[in-house]
Amino acid sequence: MFDLNSLNPQQRQAVEHDLGPLLLLAGAGSGKTRVITCRISYLLQQRQVAATQILAMTFTNKSAREMRERVEQMVGRKACKGMVISTFHSLCVRILKSHIEKLGYKKNFSIYAASDQQRLVRDLLRDLVADSSAKDADRILWQISAAKNRLVSAAGFKPDINNPDSCLTAEVYPRYQKALKAYNAVDFDDLLMLVVQLFDEHPKVLADYQQRFVYQMVDEYQDTNPVQYRLLRQLSCVHGNLCVVGDDDQSIYGFRGADISTILNFEKDFPGTKVIKLEQNYRSTGNILASANAVICNNNKRRVKALWTADGDGEKVEYLLCEDDEDEARQVMERIHSERFKRKLEYRDFAILYRTNNQSRSFEEQLRYEDIPYVLIGGQKFFDRKEVKDLVAYLKVLINPFDEVNLLRILNYPRRGIGGTSADRLIRLSAESERPLWELLQQAVMIEDLSAKVVGAIDNFADLLKRYRQRFTKPLQMVETLRDLVKELKLDEELYRQENDPQKARRRVENQAEVINSMASYLERESEPTLAGFLERVSLLDDDNIGRNDKEKKLAQDAVTLMSLHSSKGLEFPVVFLVGMEEETLPHKKSIYETFDIDEERRLCYVGMTRARMQLVLIGARKRRRYGSLTQRDPSRFLSEIPEEVLLRLSSEVPRESSETEKEQLADSFFAGISNLFGDS
DNA sequence: GGGTCACCAGTTTTT
DNA sequence: CTGGTGACCC
């Protein structure tokens with residue numbers, strides 16, 4: 001059990017709060033997670049609340065897992081049985097698994113991730129606009145997603161006449177939704193939206209969940225979008241014990257539909273709300289907090305709070321102005337070396353944070369050059385890699401043969417002689433006859449205009465799918481079956497054939513092998529494994545997803561961390577380098593000229609600053625190589641918001657970088673010298 | 001059916 | 001400077 005006396009008064013008040021809505025405004029580093037986990041433990045132990053009555057929602061699997069582990073540590077594993085701690089999406093998948101048939105889908109539905117969605121929208125758009133590009137499709141998809149986040153259905157979508165994209169979306173959205181249903185597939189946004197719809201249309205189903213979950217908690221409430229908000233309202237309105245935890249100053253996912261006013265309006269929406277602010281910070285030095293506070297208080301729409309620490313001021317925050325991007329990277333290396341020595345730190349104590357992922361390059365180069373171990377967080381996710389998706393596509397189709405996006409994906413992968421022309425013919429026929437593609441594939445002989453060779457290929461393909469579908473019904477032999485599938489498809493050969501660079505090809509083969517490993521570990525962990533269950537985990541990037549494991553494995557070793565400001569939320573490091581502190585980078589260009597949301601950029605800056613425990617170094621460059629050419633840069637406006645007395649301004653004093661012409665002159669005279677040496681005339 | 005070339009655009013992204 | 005895409009050609 002935990003000691004209530006180890007909490008500060010506000011934390012304790014939050015933990016002991018019993019009935020009625022609670023808004024916990026938890027500043028960065030204020031012990032938020034501790035309060036949630038303690039509160040759950042308190043409910044279980046002190047208030048004798050049954051574990052099954054508790055629902056805790058998070059945004060990431062990682063925080064869900066951590067939360068559960070910490071509660072289990074406090075009250076024991078047994079006491080937690082039946083408690084639901086999960087992400088919004090996982091919870092919704094669970095609900096849909098039991099009830100989706102009420103909405104006209106089948107239980108074995110596929111979950112479409114970004115690439116599946118893209119492929120579908122591209123195809124649909126091509127039917128409408130002949131010269132449509134992938135970029136167009138992405139923009140449309142973006143609009144569809146934004147609509148779904150706002151709970152706007154295909155039928156309810158009203159185009160903005162002045163916006164051509166929006167008009168196109170009005171055309172595509174209904175077709176997209178219709179196709180998904182035909183393919184028995186749902187996208188990520190649907191997972192939430194369909195549950196809201198289910199609850200609206202089937203009050204009895206809703207009532208069951210309302211009765212069950214007496215206490216509800218939501219982490220990172222500032223990141224909820226309108227659909228999630230609606231879901232929480234539906235679930236909580238009977239018992240009214242909704243406890244939300246968040247920090248409006250750390251709302252950085254507005255671009256994904258998160259609405260900061262949701263947290264700002266909480267008391268209005270839930271009358272009788274108790275508000276508790278956690279402002280004592282247990283992470284950063286006084287100077288770091290002073291500068292972060294000074295920056296964030298320039299935002300207007302926010303709940304006023306000011307982080308403070310009982311500890312000392314610490315070192316001043318530094319602002320280091322460098323010559324260019326290369327210099328910026330070199331300066332960071334130098335600081336890593338010296339700080340590591342001076343403060344006896346390890347590589348893992350350093351983080352380099354940036355606004356956009358492409359900023360990582362110069363640092364990676366320099367780190368490699370200096371032989372400093374580093375981990376790059378973000379970038380391409382494991383299950384987003386083509387070769388992985390290709391293999392997973394087979395599994396998806398085996399579960400749900402109506403999943404046409406994935407069926408088309410594997411139809412000619414690896415190449416089996418069913419090319420674009422034949423595929424087009426099949427698709428057209430499928431549309432005309434309104435029969436699923438899978439049905440046609442099973443009777444390829446009946447189709448006119450297909451050569452005997454193609455018919456043979458299709459027959460073999462259909463036969464292969466049927467065979468493996470049969471075999472995968474034996475879950476315990478899943479891994480063996482998958483191995484056989486990879487072997488039979490000769491996927492290794494295919495990868496070596498596609499890739500010129502044998503090294504790359506080998507990596508891709510290994511990635512496919514990782515899928516098999518992932519399945520093996522799923523099989524070990526799960527008491528009732530199924531192929532569908534495995535796919536569900538893969539789709540939701542659940543705990544034994546490889547990308548995540550990789551990330552954690554990497555964090556465990558001693559290495560400098562490189563990541564975007566967005567990825568840094570929730571983490572902390574003794575020394576933080578916040579790089580690229582320049583106008584048009586932070587704040588980003590688009591936020592200045594297009595979206596006009598400087599406040600969110602300021603919050604992003606704030607999140608980055610508050611990651612630092614001991615030392616915060618803000619870095620910018622005078623000029624920077626962008627898309628090949630050198631451009632002048634201005635210091636970020638956020639720098640001028642930091643009080644001078646906590647800021648140490650430094651300028652890198654490197655020997656002035658010689659210009660290109662000077663270099664050429666230097667080279668010329670060098671070669672001239674050599675020629676002279678050899679007595680050339 | 002697949003490979004090559006020219007062109008274009010270039011945030012963030014928990015699931 | 002890059003990577004990704006689509007048109008075009010064999």
# chains A, B, ... in the order shown; residues from 1 in each chain; ligands from 1
>>> residues_around(residues="A:Val35", least_positions_apart="4", cutoff="8 Å", atoms="only C-alpha atoms (C1' of nucleotides)", output="ChimeraX atom specification")
/A:11-12,14-15,31,39
>>> residues_around(residues="C:DC8", least_positions_apart="5", cutoff="12 Å", atoms="only C-alpha atoms (C1' of nucleotides)", output="list in words")
DG3, DT4, DC5 and DA6 of chain B
>>> write_last_selection(atoms="all heavy atoms", output="PDB file, in the first residue's frame")
ATOM      1  P    DG B   3      11.496  -4.428 -62.272  1.00  0.00           P
ATOM      2  OP1  DG B   3      12.103  -5.661 -61.757  1.00  0.00           O
ATOM      3  OP2  DG B   3      10.709  -3.565 -61.366  1.00  0.00           O
ATOM      4  O5'  DG B   3      12.612  -3.531 -62.939  1.00  0.00           O
ATOM      5  C5'  DG B   3      12.975  -3.718 -64.311  1.00  0.00           C
ATOM      6  C4'  DG B   3      13.179  -2.365 -64.953  1.00  0.00           C
ATOM      7  O4'  DG B   3      11.892  -1.820 -65.352  1.00  0.00           O
ATOM      8  C3'  DG B   3      13.828  -1.316 -64.029  1.00  0.00           C
ATOM      9  O3'  DG B   3      14.967  -0.766 -64.673  1.00  0.00           O
ATOM     10  C2'  DG B   3      12.741  -0.281 -63.804  1.00  0.00           C
ATOM     11  C1'  DG B   3      11.862  -0.429 -65.041  1.00  0.00           C
ATOM     12  N9   DG B   3      10.474  -0.060 -64.827  1.00  0.00           N
ATOM     13  C8   DG B   3       9.619  -0.526 -63.856  1.00  0.00           C
ATOM     14  N7   DG B   3       8.421  -0.011 -63.918  1.00  0.00           N
ATOM     15  C5   DG B   3       8.490   0.858 -64.996  1.00  0.00           C
ATOM     16  C6   DG B   3       7.489   1.700 -65.556  1.00  0.00           C
ATOM     17  O6   DG B   3       6.320   1.850 -65.194  1.00  0.00           O
ATOM     18  N1   DG B   3       7.977   2.416 -66.648  1.00  0.00           N
ATOM     19  C2   DG B   3       9.247   2.334 -67.143  1.00  0.00           C
ATOM     20  N2   DG B   3       9.525   3.106 -68.194  1.00  0.00           N
ATOM     21  N3   DG B   3      10.191   1.546 -66.641  1.00  0.00           N
ATOM     22  C4   DG B   3       9.741   0.843 -65.567  1.00  0.00           C
ATOM     23  P    DT B   4      15.945   0.167 -63.888  1.00  0.00           P
ATOM     24  OP1  DT B   4      17.301  -0.375 -64.069  1.00  0.00           O
ATOM     25  OP2  DT B   4      15.420   0.401 -62.525  1.00  0.00           O
ATOM     26  O5'  DT B   4      15.825   1.536 -64.686  1.00  0.00           O
ATOM     27  C5'  DT B   4      15.590   1.541 -66.098  1.00  0.00           C
ATOM     28  C4'  DT B   4      15.195   2.943 -66.518  1.00  0.00           C
ATOM     29  O4'  DT B   4      13.771   3.131 -66.322  1.00  0.00           O
ATOM     30  C3'  DT B   4      15.891   4.063 -65.724  1.00  0.00           C
ATOM     31  O3'  DT B   4      16.384   5.034 -66.633  1.00  0.00           O
ATOM     32  C2'  DT B   4      14.789   4.616 -64.825  1.00  0.00           C
ATOM     33  C1'  DT B   4      13.534   4.354 -65.651  1.00  0.00           C
ATOM     34  N1   DT B   4      12.275   4.213 -64.874  1.00  0.00           N
ATOM     35  C2   DT B   4      11.157   4.921 -65.284  1.00  0.00           C
ATOM     36  O2   DT B   4      11.147   5.664 -66.246  1.00  0.00           O
ATOM     37  N3   DT B   4      10.037   4.721 -64.513  1.00  0.00           N
ATOM     38  C4   DT B   4       9.931   3.907 -63.402  1.00  0.00           C
ATOM     39  O4   DT B   4       8.867   3.810 -62.797  1.00  0.00           O
ATOM     40  C5   DT B   4      11.138   3.208 -63.025  1.00  0.00           C
ATOM     41  C7   DT B   4      11.128   2.308 -61.827  1.00  0.00           C
ATOM     42  C6   DT B   4      12.245   3.389 -63.772  1.00  0.00           C
ATOM     43  P    DC B   5      17.219   6.280 -66.193  1.00  0.00           P
ATOM     44  OP1  DC B   5      18.287   6.529 -67.167  1.00  0.00           O
ATOM     45  OP2  DC B   5      17.539   6.135 -64.751  1.00  0.00           O
ATOM     46  O5'  DC B   5      16.119   7.423 -66.339  1.00  0.00           O
ATOM     47  C5'  DC B   5      15.543   7.730 -67.617  1.00  0.00           C
ATOM     48  C4'  DC B   5      14.597   8.900 -67.439  1.00  0.00           C
ATOM     49  O4'  DC B   5      13.465   8.476 -66.639  1.00  0.00           O
ATOM     50  C3'  DC B   5      15.225  10.084 -66.694  1.00  0.00           C
ATOM     51  O3'  DC B   5      14.806  11.303 -67.297  1.00  0.00           O
ATOM     52  C2'  DC B   5      14.690   9.937 -65.271  1.00  0.00           C
ATOM     53  C1'  DC B   5      13.307   9.333 -65.517  1.00  0.00           C
ATOM     54  N1   DC B   5      12.779   8.544 -64.373  1.00  0.00           N
ATOM     55  C2   DC B   5      11.403   8.574 -64.088  1.00  0.00           C
ATOM     56  O2   DC B   5      10.656   9.262 -64.779  1.00  0.00           O
ATOM     57  N3   DC B   5      10.944   7.836 -63.042  1.00  0.00           N
ATOM     58  C4   DC B   5      11.785   7.101 -62.320  1.00  0.00           C
ATOM     59  N4   DC B   5      11.274   6.391 -61.312  1.00  0.00           N
ATOM     60  C5   DC B   5      13.176   7.052 -62.600  1.00  0.00           C
ATOM     61  C6   DC B   5      13.625   7.775 -63.622  1.00  0.00           C
ATOM     62  P    DA B   6      15.692  12.601 -67.090  1.00  0.00           P
ATOM     63  OP1  DA B   6      16.476  12.806 -68.319  1.00  0.00           O
ATOM     64  OP2  DA B   6      16.379  12.568 -65.775  1.00  0.00           O
ATOM     65  O5'  DA B   6      14.539  13.703 -67.011  1.00  0.00           O
ATOM     66  C5'  DA B   6      13.310  13.525 -67.712  1.00  0.00           C
ATOM     67  C4'  DA B   6      12.164  14.034 -66.865  1.00  0.00           C
ATOM     68  O4'  DA B   6      11.832  13.071 -65.833  1.00  0.00           O
ATOM     69  C3'  DA B   6      12.442  15.355 -66.138  1.00  0.00           C
ATOM     70  O3'  DA B   6      11.319  16.192 -66.299  1.00  0.00           O
ATOM     71  C2'  DA B   6      12.636  14.937 -64.684  1.00  0.00           C
ATOM     72  C1'  DA B   6      11.701  13.744 -64.585  1.00  0.00           C
ATOM     73  N9   DA B   6      12.027  12.777 -63.527  1.00  0.00           N
ATOM     74  C8   DA B   6      13.252  12.255 -63.221  1.00  0.00           C
ATOM     75  N7   DA B   6      13.225  11.394 -62.219  1.00  0.00           N
ATOM     76  C5   DA B   6      11.890  11.359 -61.855  1.00  0.00           C
ATOM     77  C6   DA B   6      11.208  10.638 -60.855  1.00  0.00           C
ATOM     78  N6   DA B   6      11.798   9.781 -60.023  1.00  0.00           N
ATOM     79  N1   DA B   6       9.879  10.831 -60.744  1.00  0.00           N
ATOM     80  C2   DA B   6       9.277  11.692 -61.583  1.00  0.00           C
ATOM     81  N3   DA B   6       9.809  12.421 -62.566  1.00  0.00           N
ATOM     82  C4   DA B   6      11.138  12.211 -62.646  1.00  0.00           C
TER      83       DA B   6
END
>>> residues_around(residues="B:DC8", least_positions_apart="3", cutoff="12 Å", atoms="only C-alpha atoms (C1' of nucleotides)", output="compact mmCIF listing (two decimals) with N, CA, C and O atoms (P, O5', C5', C4', C3', O3' and C1' of nucleotides), in the first residue's frame")
# COMPACT_ATOMS: atom_id res chain seq x y z
N SER A 133 -4.00 13.15 -57.66
CA SER A 133 -2.71 12.66 -57.17
C SER A 133 -2.86 12.10 -55.76
O SER A 133 -3.89 12.26 -55.11
N LYS A 135 -1.40 13.11 -53.25
CA LYS A 135 -1.47 14.23 -52.31
C LYS A 135 -2.92 14.68 -52.11
O LYS A 135 -3.34 14.97 -50.99
P DT C 2 21.24 14.46 -50.66
O5' DT C 2 19.71 14.32 -50.28
C5' DT C 2 19.24 13.09 -49.77
C4' DT C 2 17.75 13.21 -49.50
C3' DT C 2 17.00 12.09 -50.19
O3' DT C 2 16.83 11.07 -49.21
C1' DT C 2 15.89 14.21 -50.44
P DG C 3 16.52 9.60 -49.60
O5' DG C 3 14.93 9.56 -49.57
C5' DG C 3 14.18 10.36 -48.65
C4' DG C 3 12.74 10.38 -49.10
C3' DG C 3 12.27 9.07 -49.74
O3' DG C 3 10.94 8.83 -49.34
C1' DG C 3 12.06 10.83 -51.31
P DG C 4 10.28 7.44 -49.62
O5' DG C 4 8.84 7.83 -50.17
C5' DG C 4 8.32 9.15 -49.96
C4' DG C 4 7.48 9.53 -51.15
C3' DG C 4 6.84 8.35 -51.88
O3' DG C 4 5.45 8.62 -52.05
C1' DG C 4 8.00 9.74 -53.42
P DT C 5 4.50 7.55 -52.68
O5' DT C 5 4.14 8.24 -54.07
C5' DT C 5 3.94 9.66 -54.10
C4' DT C 5 3.70 10.09 -55.53
C3' DT C 5 2.94 9.07 -56.38
O3' DT C 5 1.84 9.71 -57.02
C1' DT C 5 4.98 9.71 -57.45
P DG C 6 0.73 8.87 -57.74
O5' DG C 6 0.97 9.25 -59.26
C5' DG C 6 1.15 10.63 -59.63
C4' DG C 6 1.70 10.70 -61.04
C3' DG C 6 0.99 9.77 -62.04
O3' DG C 6 0.87 10.45 -63.28
C1' DG C 6 3.29 9.29 -62.00
>>> interface_residues(of="chain A", to="chain C", cutoff="12 Å", atoms="only C-alpha atoms (C1' of nucleotides)", output="number ranges by chain")
A: 131-135, 358, 361, 625-630
>>> write_last_selection(atoms="C-alpha atoms", output="short mmCIF file (atom, residue, chain, number, x, y, z; two decimals), in the first residue's frame")
data_model
loop_
_atom_site.label_atom_id
_atom_site.label_comp_id
_atom_site.auth_asym_id
_atom_site.auth_seq_id
_atom_site.Cartn_x
_atom_site.Cartn_y
_atom_site.Cartn_z
CA ASP A 131 -5.83 13.35 -62.80
CA SER A 132 -5.95 13.08 -59.04
CA SER A 133 -2.71 12.66 -57.17
CA ALA A 134 -1.81 10.88 -53.99
CA LYS A 135 -1.47 14.23 -52.31
CA ASN A 358 14.09 16.09 -40.49
CA ARG A 361 19.85 14.42 -39.59
CA ARG A 625 20.94 24.86 -45.07
CA ARG A 626 17.40 24.28 -46.23
CA TYR A 627 16.52 22.28 -49.31
CA GLY A 628 20.04 22.73 -50.50
CA SER A 629 20.49 26.47 -50.16
CA LEU A 630 21.69 28.56 -47.25
#
>>> interface_residues(of="chain B", to="chain A", cutoff="8 Å", atoms="only C-alpha atoms (C1' of nucleotides)", output="list in words")
DG1, DT11, DT12, DT13, DT14 and DT15 of chain B
>>> atom_distance(atom1="atom CA of A:Val388", atom2="atom CA of A:Ser422")
25.2 Å
>>> residues_around(residues="A:Pro414", least_positions_apart="5", cutoff="9 Å", atoms="only C-alpha atoms (C1' of nucleotides)", output="list in words")
Leu489, Lys490, Leu491 and Glu494 of chain A
>>> select_by_dssp(residues="stretch 235-390 of chain A", states="strand (DSSP E or B)", output="ChimeraX atom specification")
/A:242-246,274-278,280,308,317-322,350-354,374-376
>>> write_last_selection(atoms="N, CA and C atoms", output="compact mmCIF listing (two decimals), in the first residue's frame")
# COMPACT_ATOMS: atom_id res chain seq x y z
N LEU A 242 -16.68 11.09 -12.92
CA LEU A 242 -15.63 11.19 -13.92
C LEU A 242 -14.51 12.06 -13.38
N CYS A 243 -13.32 11.46 -13.38
CA CYS A 243 -12.16 12.20 -12.91
C CYS A 243 -11.20 12.38 -14.07
N VAL A 244 -10.96 13.61 -14.47
CA VAL A 244 -10.05 13.82 -15.59
C VAL A 244 -8.79 14.53 -15.12
N VAL A 245 -7.69 14.12 -15.72
CA VAL A 245 -6.40 14.67 -15.34
C VAL A 245 -5.75 15.23 -16.58
N GLY A 246 -5.25 16.43 -16.51
CA GLY A 246 -4.60 16.97 -17.69
C GLY A 246 -3.98 18.32 -17.43
N LYS A 274 -15.26 19.41 -8.87
CA LYS A 274 -14.23 19.90 -7.96
C LYS A 274 -12.95 20.08 -8.78
N VAL A 275 -12.29 21.22 -8.60
CA VAL A 275 -11.05 21.48 -9.34
C VAL A 275 -9.88 21.49 -8.39
N ILE A 276 -8.89 20.73 -8.72
CA ILE A 276 -7.67 20.74 -7.91
C ILE A 276 -6.49 21.01 -8.83
N LYS A 277 -5.63 21.93 -8.44
CA LYS A 277 -4.43 22.22 -9.24
C LYS A 277 -3.21 21.63 -8.59
N LEU A 278 -2.44 20.95 -9.38
CA LEU A 278 -1.15 20.45 -8.89
C LEU A 278 -0.07 21.33 -9.50
N GLN A 280 3.04 22.05 -7.70
CA GLN A 280 4.40 21.80 -7.21
C GLN A 280 5.10 20.83 -8.16
N TRP A 308 6.03 25.59 -9.35
CA TRP A 308 7.09 26.01 -8.44
C TRP A 308 7.81 24.78 -7.91
N VAL A 317 19.26 28.89 -17.50
CA VAL A 317 18.93 28.33 -18.80
C VAL A 317 19.84 28.99 -19.81
N GLU A 318 20.33 28.22 -20.78
CA GLU A 318 21.24 28.81 -21.76
C GLU A 318 20.59 28.99 -23.11
N TYR A 319 20.96 30.05 -23.76
CA TYR A 319 20.60 30.20 -25.16
C TYR A 319 21.88 30.32 -25.96
N LEU A 320 22.11 29.37 -26.81
CA LEU A 320 23.34 29.32 -27.57
C LEU A 320 23.04 29.57 -29.05
N LEU A 321 23.59 30.67 -29.54
CA LEU A 321 23.38 31.01 -30.95
C LEU A 321 24.56 30.51 -31.77
N CYS A 322 24.26 29.65 -32.72
CA CYS A 322 25.33 29.04 -33.52
C CYS A 322 25.35 29.63 -34.92
N PHE A 350 20.97 12.60 -21.70
CA PHE A 350 20.83 13.72 -22.64
C PHE A 350 19.72 13.47 -23.65
N ALA A 351 19.01 14.55 -23.97
CA ALA A 351 18.02 14.45 -25.04
C ALA A 351 18.17 15.64 -25.97
N ILE A 352 18.06 15.38 -27.24
CA ILE A 352 18.04 16.44 -28.23
C ILE A 352 16.61 16.49 -28.79
N LEU A 353 15.94 17.61 -28.57
CA LEU A 353 14.54 17.74 -28.98
C LEU A 353 14.40 18.75 -30.11
N TYR A 354 13.56 18.41 -31.07
CA TYR A 354 13.38 19.30 -32.21
C TYR A 354 11.92 19.32 -32.64
N TYR A 374 23.37 6.64 -29.87
CA TYR A 374 22.14 7.43 -29.82
C TYR A 374 20.95 6.59 -30.25
N VAL A 375 19.78 7.01 -29.83
CA VAL A 375 18.54 6.39 -30.31
C VAL A 375 17.66 7.45 -30.92
N LEU A 376 17.14 7.10 -32.06
CA LEU A 376 16.23 7.99 -32.76
C LEU A 376 14.82 7.50 -32.53
>>> residues_around(residues="A:Gly620", least_positions_apart="6", cutoff="9 Å", atoms="only C-alpha atoms (C1' of nucleotides)", output="ChimeraX atom specification")
/A:319-325,328,578-582,633-636
>>> closest_residue(among="A:Tyr593, A:Phe382, A:Tyr176, A:Tyr347", to="A:Asp127", atoms="only C-alpha atoms")
A:Tyr176
